[in-house]
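This is target25.txt. It holds compact mmCIF, C-alpha atoms.
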# COMPACT_ATOMS: atom_id res chain seq x y z
CA MET A 115 -2.57 9.21 -78.25
CA GLU A 116 -0.43 12.23 -79.06
CA GLU A 117 -2.15 14.79 -81.24
CA LYS A 118 -0.67 15.25 -84.67
CA THR A 119 0.60 18.72 -85.48
CA ALA A 120 -0.72 20.18 -88.74
CA ILE A 121 1.13 23.52 -88.65
CA SER A 122 4.31 24.42 -86.78
CA PHE A 123 6.17 27.75 -86.78
CA ALA A 124 9.53 28.18 -85.04
CA ASN A 125 10.94 31.73 -84.77
CA VAL A 126 9.47 32.68 -88.14
CA ALA A 127 9.81 36.20 -89.55
CA ALA A 128 8.45 37.64 -92.79
CA THR A 129 9.36 40.69 -94.86
CA TYR A 130 8.46 42.11 -98.27
CA ASP A 131 11.18 43.57 -100.52
CA ASN A 132 13.70 43.51 -97.67
CA ALA A 133 11.72 46.13 -95.78
CA ASN A 134 10.83 46.02 -92.09
CA GLU A 135 9.52 42.74 -90.76
CA VAL A 136 5.76 42.27 -91.02
CA LEU A 137 5.96 39.33 -88.61
CA SER A 138 8.75 38.66 -86.12
CA ASP A 139 9.73 35.59 -84.08
CA VAL A 140 6.44 33.77 -84.59
CA SER A 141 6.33 30.36 -82.90
CA PHE A 142 3.32 28.08 -82.42
CA ASN A 143 1.95 24.61 -83.03
CA ILE A 144 -1.56 23.92 -84.32
CA SER A 145 -2.95 20.42 -83.95
CA SER A 146 -4.79 18.63 -86.73
CA GLY A 147 -8.51 19.23 -86.46
CA ALA A 148 -8.24 22.55 -84.62
CA PHE A 149 -10.40 25.58 -85.47
CA TYR A 150 -9.02 29.08 -84.89
CA PHE A 151 -10.15 32.58 -85.66
CA LEU A 152 -7.37 34.93 -86.82
CA SER A 153 -7.75 38.54 -85.67
CA GLY A 154 -5.81 41.78 -85.77
CA ALA A 155 -5.96 45.27 -87.22
CA SER A 156 -5.72 45.84 -90.97
CA GLY A 157 -2.09 45.55 -92.01
CA ALA A 158 -1.10 43.66 -88.86
CA GLY A 159 0.03 40.63 -90.85
CA LYS A 160 -2.96 38.27 -90.88
CA THR A 161 -2.86 37.71 -94.64
CA THR A 162 0.93 37.31 -94.50
CA LEU A 163 0.51 34.57 -91.91
CA LEU A 164 -1.96 32.74 -94.14
CA ARG A 165 0.35 33.13 -97.14
CA LEU A 166 3.24 31.69 -95.14
CA ILE A 167 1.18 28.64 -94.24
CA TYR A 168 0.04 28.12 -97.83
CA GLN A 169 3.62 28.60 -99.05
CA LEU A 170 2.82 31.64 -101.17
CA HIS A 171 5.44 33.60 -99.23
CA LYS A 172 8.74 32.34 -97.83
CA PRO A 173 9.91 33.31 -94.35
CA SER A 174 12.95 35.55 -94.08
CA ARG A 175 14.08 33.37 -91.19
CA GLY A 176 12.78 30.59 -88.99
CA GLN A 177 11.24 27.22 -89.79
CA ILE A 178 7.78 26.20 -90.96
CA LYS A 179 6.58 22.60 -90.82
CA LEU A 180 3.34 21.39 -92.39
CA PHE A 181 2.13 17.90 -91.57
CA GLY A 182 5.54 17.33 -89.98
CA GLN A 183 7.48 18.27 -93.11
CA ASN A 184 10.05 21.07 -93.13
CA THR A 185 8.96 23.31 -96.01
CA ALA A 186 12.51 24.68 -96.47
CA GLU A 187 13.61 21.22 -97.62
CA MET A 188 10.85 20.81 -100.19
CA THR A 189 11.16 21.09 -103.95
CA ARG A 190 8.65 23.00 -106.06
CA ASP A 191 6.92 19.72 -106.89
CA ASP A 192 6.79 18.84 -103.20
CA ILE A 193 5.12 22.17 -102.45
CA ALA A 194 2.59 21.63 -105.25
CA LYS A 195 1.72 18.21 -103.85
CA LEU A 196 1.46 19.66 -100.35
CA ARG A 197 -1.04 22.27 -101.54
CA HIS A 198 -3.35 19.47 -102.65
CA LYS A 199 -3.97 18.97 -98.91
CA MET A 200 -4.81 22.65 -98.36
CA ALA A 201 -7.20 25.29 -99.63
CA ILE A 202 -7.24 29.05 -99.23
CA VAL A 203 -10.03 31.59 -99.65
CA PHE A 204 -8.75 35.09 -100.42
CA GLN A 205 -10.46 38.42 -99.81
CA GLU A 206 -10.22 39.24 -103.51
CA TYR A 207 -11.95 35.97 -104.54
CA SER A 208 -9.29 35.04 -107.17
CA LEU A 209 -11.89 33.67 -109.56
CA LEU A 210 -11.19 33.18 -113.27
CA SER A 211 -13.36 35.72 -115.09
CA HIS A 212 -13.45 33.83 -118.42
CA MET A 213 -14.86 30.68 -116.80
CA THR A 214 -18.37 30.03 -115.51
CA VAL A 215 -19.15 29.61 -111.83
CA PHE A 216 -19.42 25.85 -112.39
CA ASP A 217 -16.03 25.65 -114.09
CA ASN A 218 -14.36 27.78 -111.41
CA VAL A 219 -15.55 25.41 -108.69
CA ALA A 220 -14.79 22.33 -110.80
CA LEU A 221 -11.21 23.40 -111.57
CA PRO A 222 -9.44 21.78 -108.57
CA LEU A 223 -11.27 18.51 -109.24
CA ARG A 224 -10.31 18.51 -112.91
CA VAL A 225 -6.69 19.23 -112.02
CA ARG A 226 -6.80 16.05 -109.94
CA GLY A 227 -8.19 14.06 -112.85
CA ILE A 228 -11.64 13.38 -111.38
CA ALA A 229 -14.11 11.91 -113.89
CA ASP A 230 -16.58 14.38 -115.44
CA LYS A 231 -19.61 12.56 -114.02
CA LYS A 232 -18.21 12.80 -110.49
CA VAL A 233 -17.21 16.44 -111.03
CA LYS A 234 -20.78 17.31 -112.03
CA GLN A 235 -22.22 15.57 -108.96
CA LEU A 236 -19.86 17.23 -106.50
CA VAL A 237 -19.97 20.73 -107.98
CA THR A 238 -23.77 20.68 -108.21
CA LYS A 239 -24.07 19.68 -104.54
CA VAL A 240 -21.59 22.29 -103.33
CA LEU A 241 -23.16 25.10 -105.37
CA ASP A 242 -26.60 24.17 -104.04
CA TRP A 243 -25.28 24.28 -100.50
CA VAL A 244 -23.79 27.77 -100.83
CA GLY A 245 -27.02 28.93 -102.47
CA LEU A 246 -25.68 29.44 -105.98
CA GLY A 247 -27.02 26.43 -107.86
CA LYS A 248 -28.96 28.60 -110.32
CA TYR A 249 -25.82 30.60 -111.15
CA ALA A 250 -23.75 27.64 -112.38
CA ASP A 251 -23.57 28.93 -115.96
CA VAL A 252 -22.96 32.57 -115.04
CA LYS A 253 -19.57 34.32 -115.23
CA PRO A 254 -18.18 35.62 -111.89
CA MET A 255 -18.31 39.29 -112.92
CA GLU A 256 -22.09 39.01 -113.25
CA LEU A 257 -22.37 38.21 -109.53
CA SER A 258 -22.32 40.45 -106.48
CA GLY A 259 -19.26 40.56 -104.24
CA GLY A 260 -20.93 38.34 -101.67
CA GLN A 261 -21.88 35.80 -104.32
CA GLN A 262 -18.34 35.75 -105.69
CA GLN A 263 -17.07 35.10 -102.18
CA ARG A 264 -19.38 32.12 -101.88
CA VAL A 265 -18.05 30.78 -105.19
CA SER A 266 -14.48 31.03 -103.89
CA VAL A 267 -15.51 29.19 -100.72
CA ALA A 268 -17.22 26.47 -102.77
CA ARG A 269 -14.05 26.02 -104.84
CA ALA A 270 -11.97 25.75 -101.66
CA ILE A 271 -14.09 23.14 -99.89
CA ILE A 272 -14.81 20.97 -102.94
CA VAL A 273 -11.64 18.90 -102.40
CA GLN A 274 -12.12 18.40 -98.65
CA PRO A 275 -8.77 19.93 -97.67
CA SER A 276 -6.90 18.88 -94.54
CA ILE A 277 -6.16 22.57 -93.87
CA LEU A 278 -8.55 25.37 -94.84
CA LEU A 279 -7.33 28.98 -94.65
CA ALA A 280 -9.94 31.70 -95.04
CA ASP A 281 -9.19 35.43 -95.27
CA GLU A 282 -12.34 37.35 -94.28
CA PRO A 283 -14.71 34.88 -96.01
CA THR A 284 -17.79 36.44 -94.41
CA GLY A 285 -16.75 40.06 -94.94
CA ASN A 286 -19.17 40.70 -97.82
CA LEU A 287 -22.02 38.52 -96.55
CA ASP A 288 -25.16 39.34 -94.59
CA ASP A 289 -25.69 37.68 -91.21
CA GLU A 290 -27.70 34.75 -92.56
CA ASN A 291 -25.16 33.80 -95.22
CA ALA A 292 -22.27 34.43 -92.84
CA SER A 293 -23.87 31.99 -90.38
CA ARG A 294 -24.49 29.54 -93.20
CA LEU A 295 -20.82 29.53 -94.15
CA MET A 296 -19.75 29.26 -90.52
CA GLU A 297 -21.97 26.20 -90.07
CA LEU A 298 -20.41 24.71 -93.18
CA PHE A 299 -16.89 25.28 -91.84
CA ILE A 300 -17.87 23.82 -88.46
CA GLN A 301 -19.20 20.67 -90.11
CA MET A 302 -16.00 20.32 -92.13
CA ASN A 303 -14.04 20.63 -88.91
CA LYS A 304 -16.15 18.09 -87.01
CA LEU A 305 -16.89 15.50 -89.68
CA PHE A 306 -13.63 15.57 -91.62
CA GLY A 307 -11.22 16.89 -88.99
CA THR A 308 -10.29 19.80 -91.26
CA THR A 309 -7.88 22.23 -89.59
CA ILE A 310 -9.37 25.70 -90.09
CA ILE A 311 -7.89 29.17 -89.62
CA LEU A 312 -10.43 31.90 -90.38
CA ALA A 313 -9.33 35.54 -90.45
CA THR A 314 -12.01 38.03 -89.49
CA HIS A 315 -12.63 41.53 -88.13
CA ASN A 316 -16.15 40.53 -87.11
CA LYS A 317 -16.31 40.62 -83.29
CA LYS A 318 -19.91 39.41 -83.34
CA LEU A 319 -18.82 36.31 -85.24
CA MET A 320 -16.09 35.55 -82.71
CA GLU A 321 -18.46 36.12 -79.80
CA THR A 322 -21.10 33.87 -81.32
CA TYR A 323 -18.79 31.02 -82.25
CA LYS A 324 -16.51 30.36 -79.29
CA PHE A 325 -13.36 29.20 -81.04
CA PRO A 326 -9.89 30.21 -79.82
CA VAL A 327 -8.26 33.23 -81.46
CA ILE A 328 -4.84 33.80 -83.00
CA HIS A 329 -4.24 37.53 -82.54
CA VAL A 330 -1.65 39.43 -84.59
CA GLU A 331 -0.35 42.69 -83.14
CA ASN A 332 2.95 44.58 -83.26
CA HIS A 333 4.46 41.98 -85.61
CA ARG A 334 3.87 39.22 -83.04
CA VAL A 335 1.31 36.43 -82.68
CA GLY A 336 -0.58 35.58 -79.49
CA PHE A 337 -3.32 33.10 -78.61
CA VAL A 338 -6.59 33.78 -76.79
CA GLY A 339 -8.74 30.91 -75.53
CA LYS A 340 -8.15 27.20 -75.31
CA SER A 341 -7.74 25.11 -78.45
CA SER A 342 -10.73 22.85 -78.98
CA THR A 343 -12.45 21.07 -81.84
CA THR A 344 -15.71 20.78 -79.90
CA ALA A 345 -16.64 24.43 -79.36
CA GLU A 346 -20.36 24.92 -79.86
CA PRO A 347 -21.88 28.14 -81.20
CA LYS A 348 -24.51 29.89 -79.11
CA LYS A 349 -26.50 30.55 -82.27
CA VAL A 350 -26.69 28.41 -85.38
CA TRP A 351 -28.20 28.85 -88.81
CA LYS A 352 -31.71 27.35 -88.87
CA GLY A 353 -31.80 26.21 -92.49
CA PRO A 354 -31.13 22.68 -93.86
CA THR A 355 -28.46 20.98 -91.81
CA PRO A 356 -25.08 20.71 -93.53
CA LYS A 357 -24.49 17.36 -91.82
CA ASN A 358 -26.70 15.56 -94.33
CA TYR A 359 -24.87 17.28 -97.18
CA PHE A 360 -21.43 16.32 -95.90
CA SER A 361 -22.41 12.79 -94.96
CA GLU A 362 -23.52 12.21 -98.53
CA LEU A 363 -20.61 14.08 -100.08
CA SER A 364 -17.99 12.39 -97.89
CA LYS A 365 -18.72 9.02 -99.52
CA GLN A 366 -17.47 10.48 -102.80
CA PHE A 367 -14.43 12.26 -101.42
CA ASP A 368 -12.52 8.99 -101.18
CA ASP A 369 -12.31 9.03 -104.97
CA ILE A 370 -10.65 12.45 -104.80
CA GLY A 371 -8.06 11.37 -102.26
CA ASN A 372 -7.11 8.35 -104.35
CA ALA A 373 -6.90 10.24 -107.64
As structure tokens, what does this structure read like?
Amino acid sequence: MEEKTAISFANVAATYDNANEVLSDVSFNISSGAFYFLSGASGAGKTTLLRLIYQLHKPSRGQIKLFGQNTAEMTRDDIAKLRHKMAIVFQEYSLLSHMTVFDNVALPLRVRGIADKKVKQLVTKVLDWVGLGKYADVKPMELSGGQQQRVSVARAIIVQPSILLADEPTGNLDDENASRLMELFIQMNKLFGTTIILATHNKKLMETYKFPVIHVENHRVGFVGKSSTTAEPKKVWKGPTPKNYFSELSKQFDDIGNA
């Protein structure tokens, strides 16, 4: 059976304010269910690439297809509906300061019209998994940078996206919590077939978890390693297995998809 393509770029370029191109002639196909690291020096264009995929930035030329759909032909409503299949974790967290941790994580579920009882169940489970259950009623600014990052990850994964984009999600975490998040992403990839692109500067992380790498350099994109959804880490987090968490949670995700 032919693999479905989740993300396709054809000769894509990106600029800001009509300045020099940040990315030039970028072409690639990423299959559904793939897991890639995204590497490159600061300012190389990693975040721009993620923004292009999430449709927060339009290409100056070239074609982008998501789930087989040409994004240039989509209306604003089409793009909004498309984003329901994706989630993005930014470096700057992008949390709403006037809302509690619980409400920040619950927001994408409430936008989809999920019942309050189901929202409480899902948010409680996700916050427990990322180690922030006791901070549910706290405002984001009362948390450390690493804790805020975990809240943003919890908000991203709560809707079981088909594509998850993560911009340095482990950058402010210690090794244990970085491993914990990586195990969570791996389980999403394996159990749900989530396509994941994770930007990182952490060489140790890439050496530990043997996923292929998208490397951005000199405005171009190259690939290192073979695409695979079965890559196994040499070292895994030794705490409670996320498989049990996702097996239980996945039974409730059907309600989200049908909402």
Take every atom of segment 328-339 of chain A listed in the file, fit an axis-aligned box around them, add 5 Å per side, and give the centre and edge lengths in Å to one decimal as AutoDock Vina command-line options.
--center_x -2.1 --center_y 37.7 --center_z -80.6 --size_x 23.2 --size_y 23.7 --size_z 20.1
So which one's closest to Ile193 of chain A, A:Val327, A:Ile167, A:Leu312, A:Ala128? Using all atoms listed in the file, please.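 Checking each candidate against Ile193 of chain A, we get A:Ile167 as the closest.
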Between atom CA of Pro283 of chain A and atom CA of Tyr207 of chain A, distance in Å (one decimal):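 That distance, rounded to one decimal, is 9.0 Å.
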Rounded to one decimal, what separation in Å do you get between atom CA of Ser141 of chain A and atom CA of Phe204 of chain A?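 So the two atoms, atom CA of Ser141 of chain A and atom CA of Phe204 of chain A, lie 23.6 Å apart.
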Long-range neighbours of Asn316 of chain A as a list in words, 10 Å cut-off, all atoms listed in the file, 6 positions minimum in chain: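 These residues fall inside the cut-off: Ser153, Glu282, Thr284 and Gly285 of chain A.
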How would segment 257-275 of chain A read, as a PDB file, in the coordinates of the input, once N, CA and C atoms are built in?
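Heads up, here's the output in result28.pdb:
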ATOM      1  N   LEU A 257     -21.900  38.445-110.895  1.00  0.00           N
ATOM      2  CA  LEU A 257     -22.370  38.210-109.530  1.00  0.00           C
ATOM      3  C   LEU A 257     -21.996  39.376-108.625  1.00  0.00           C
ATOM      4  N   SER A 258     -22.677  39.456-107.495  1.00  0.00           N
ATOM      5  CA  SER A 258     -22.320  40.450-106.480  1.00  0.00           C
ATOM      6  C   SER A 258     -21.045  40.002-105.764  1.00  0.00           C
ATOM      7  N   GLY A 259     -20.462  40.911-104.983  1.00  0.00           N
ATOM      8  CA  GLY A 259     -19.260  40.560-104.240  1.00  0.00           C
ATOM      9  C   GLY A 259     -19.484  39.412-103.281  1.00  0.00           C
ATOM     10  N   GLY A 260     -20.623  39.430-102.593  1.00  0.00           N
ATOM     11  CA  GLY A 260     -20.930  38.340-101.670  1.00  0.00           C
ATOM     12  C   GLY A 260     -21.098  37.012-102.367  1.00  0.00           C
ATOM     13  N   GLN A 261     -21.714  37.037-103.550  1.00  0.00           N
ATOM     14  CA  GLN A 261     -21.880  35.800-104.320  1.00  0.00           C
ATOM     15  C   GLN A 261     -20.544  35.275-104.815  1.00  0.00           C
ATOM     16  N   GLN A 262     -19.670  36.177-105.266  1.00  0.00           N
ATOM     17  CA  GLN A 262     -18.340  35.750-105.690  1.00  0.00           C
ATOM     18  C   GLN A 262     -17.562  35.119-104.541  1.00  0.00           C
ATOM     19  N   GLN A 263     -17.741  35.675-103.335  1.00  0.00           N
ATOM     20  CA  GLN A 263     -17.070  35.100-102.180  1.00  0.00           C
ATOM     21  C   GLN A 263     -17.544  33.682-101.913  1.00  0.00           C
ATOM     22  N   ARG A 264     -18.845  33.464-102.088  1.00  0.00           N
ATOM     23  CA  ARG A 264     -19.380  32.120-101.880  1.00  0.00           C
ATOM     24  C   ARG A 264     -18.858  31.133-102.942  1.00  0.00           C
ATOM     25  N   VAL A 265     -18.646  31.631-104.159  1.00  0.00           N
ATOM     26  CA  VAL A 265     -18.050  30.780-105.190  1.00  0.00           C
ATOM     27  C   VAL A 265     -16.630  30.384-104.792  1.00  0.00           C
ATOM     28  N   SER A 266     -15.861  31.332-104.279  1.00  0.00           N
ATOM     29  CA  SER A 266     -14.480  31.030-103.890  1.00  0.00           C
ATOM     30  C   SER A 266     -14.448  30.045-102.722  1.00  0.00           C
ATOM     31  N   VAL A 267     -15.425  30.149-101.817  1.00  0.00           N
ATOM     32  CA  VAL A 267     -15.510  29.190-100.720  1.00  0.00           C
ATOM     33  C   VAL A 267     -15.872  27.808-101.255  1.00  0.00           C
ATOM     34  N   ALA A 268     -16.822  27.743-102.174  1.00  0.00           N
ATOM     35  CA  ALA A 268     -17.220  26.470-102.770  1.00  0.00           C
ATOM     36  C   ALA A 268     -16.026  25.791-103.450  1.00  0.00           C
ATOM     37  N   ARG A 269     -15.229  26.579-104.159  1.00  0.00           N
ATOM     38  CA  ARG A 269     -14.050  26.020-104.840  1.00  0.00           C
ATOM     39  C   ARG A 269     -13.034  25.486-103.825  1.00  0.00           C
ATOM     40  N   ALA A 270     -12.934  26.165-102.680  1.00  0.00           N
ATOM     41  CA  ALA A 270     -11.970  25.750-101.660  1.00  0.00           C
ATOM     42  C   ALA A 270     -12.375  24.448-100.978  1.00  0.00           C
ATOM     43  N   ILE A 271     -13.664  24.298-100.668  1.00  0.00           N
ATOM     44  CA  ILE A 271     -14.090  23.140 -99.890  1.00  0.00           C
ATOM     45  C   ILE A 271     -14.352  21.910-100.733  1.00  0.00           C
ATOM     46  N   ILE A 272     -14.408  22.069-102.062  1.00  0.00           N
ATOM     47  CA  ILE A 272     -14.810  20.970-102.940  1.00  0.00           C
ATOM     48  C   ILE A 272     -13.869  19.771-102.836  1.00  0.00           C
ATOM     49  N   VAL A 273     -12.615  19.989-102.462  1.00  0.00           N
ATOM     50  CA  VAL A 273     -11.640  18.900-102.400  1.00  0.00           C
ATOM     51  C   VAL A 273     -11.410  18.392-100.983  1.00  0.00           C
ATOM     52  N   GLN A 274     -12.247  18.822-100.043  1.00  0.00           N
ATOM     53  CA  GLN A 274     -12.120  18.400 -98.650  1.00  0.00           C
ATOM     54  C   GLN A 274     -10.675  18.524 -98.169  1.00  0.00           C
ATOM     55  N   PRO A 275     -10.169  19.746 -98.065  1.00  0.00           N
ATOM     56  CA  PRO A 275      -8.770  19.930 -97.670  1.00  0.00           C
ATOM     57  C   PRO A 275      -8.515  19.550 -96.222  1.00  0.00           C
TER      58      PRO A 275
END
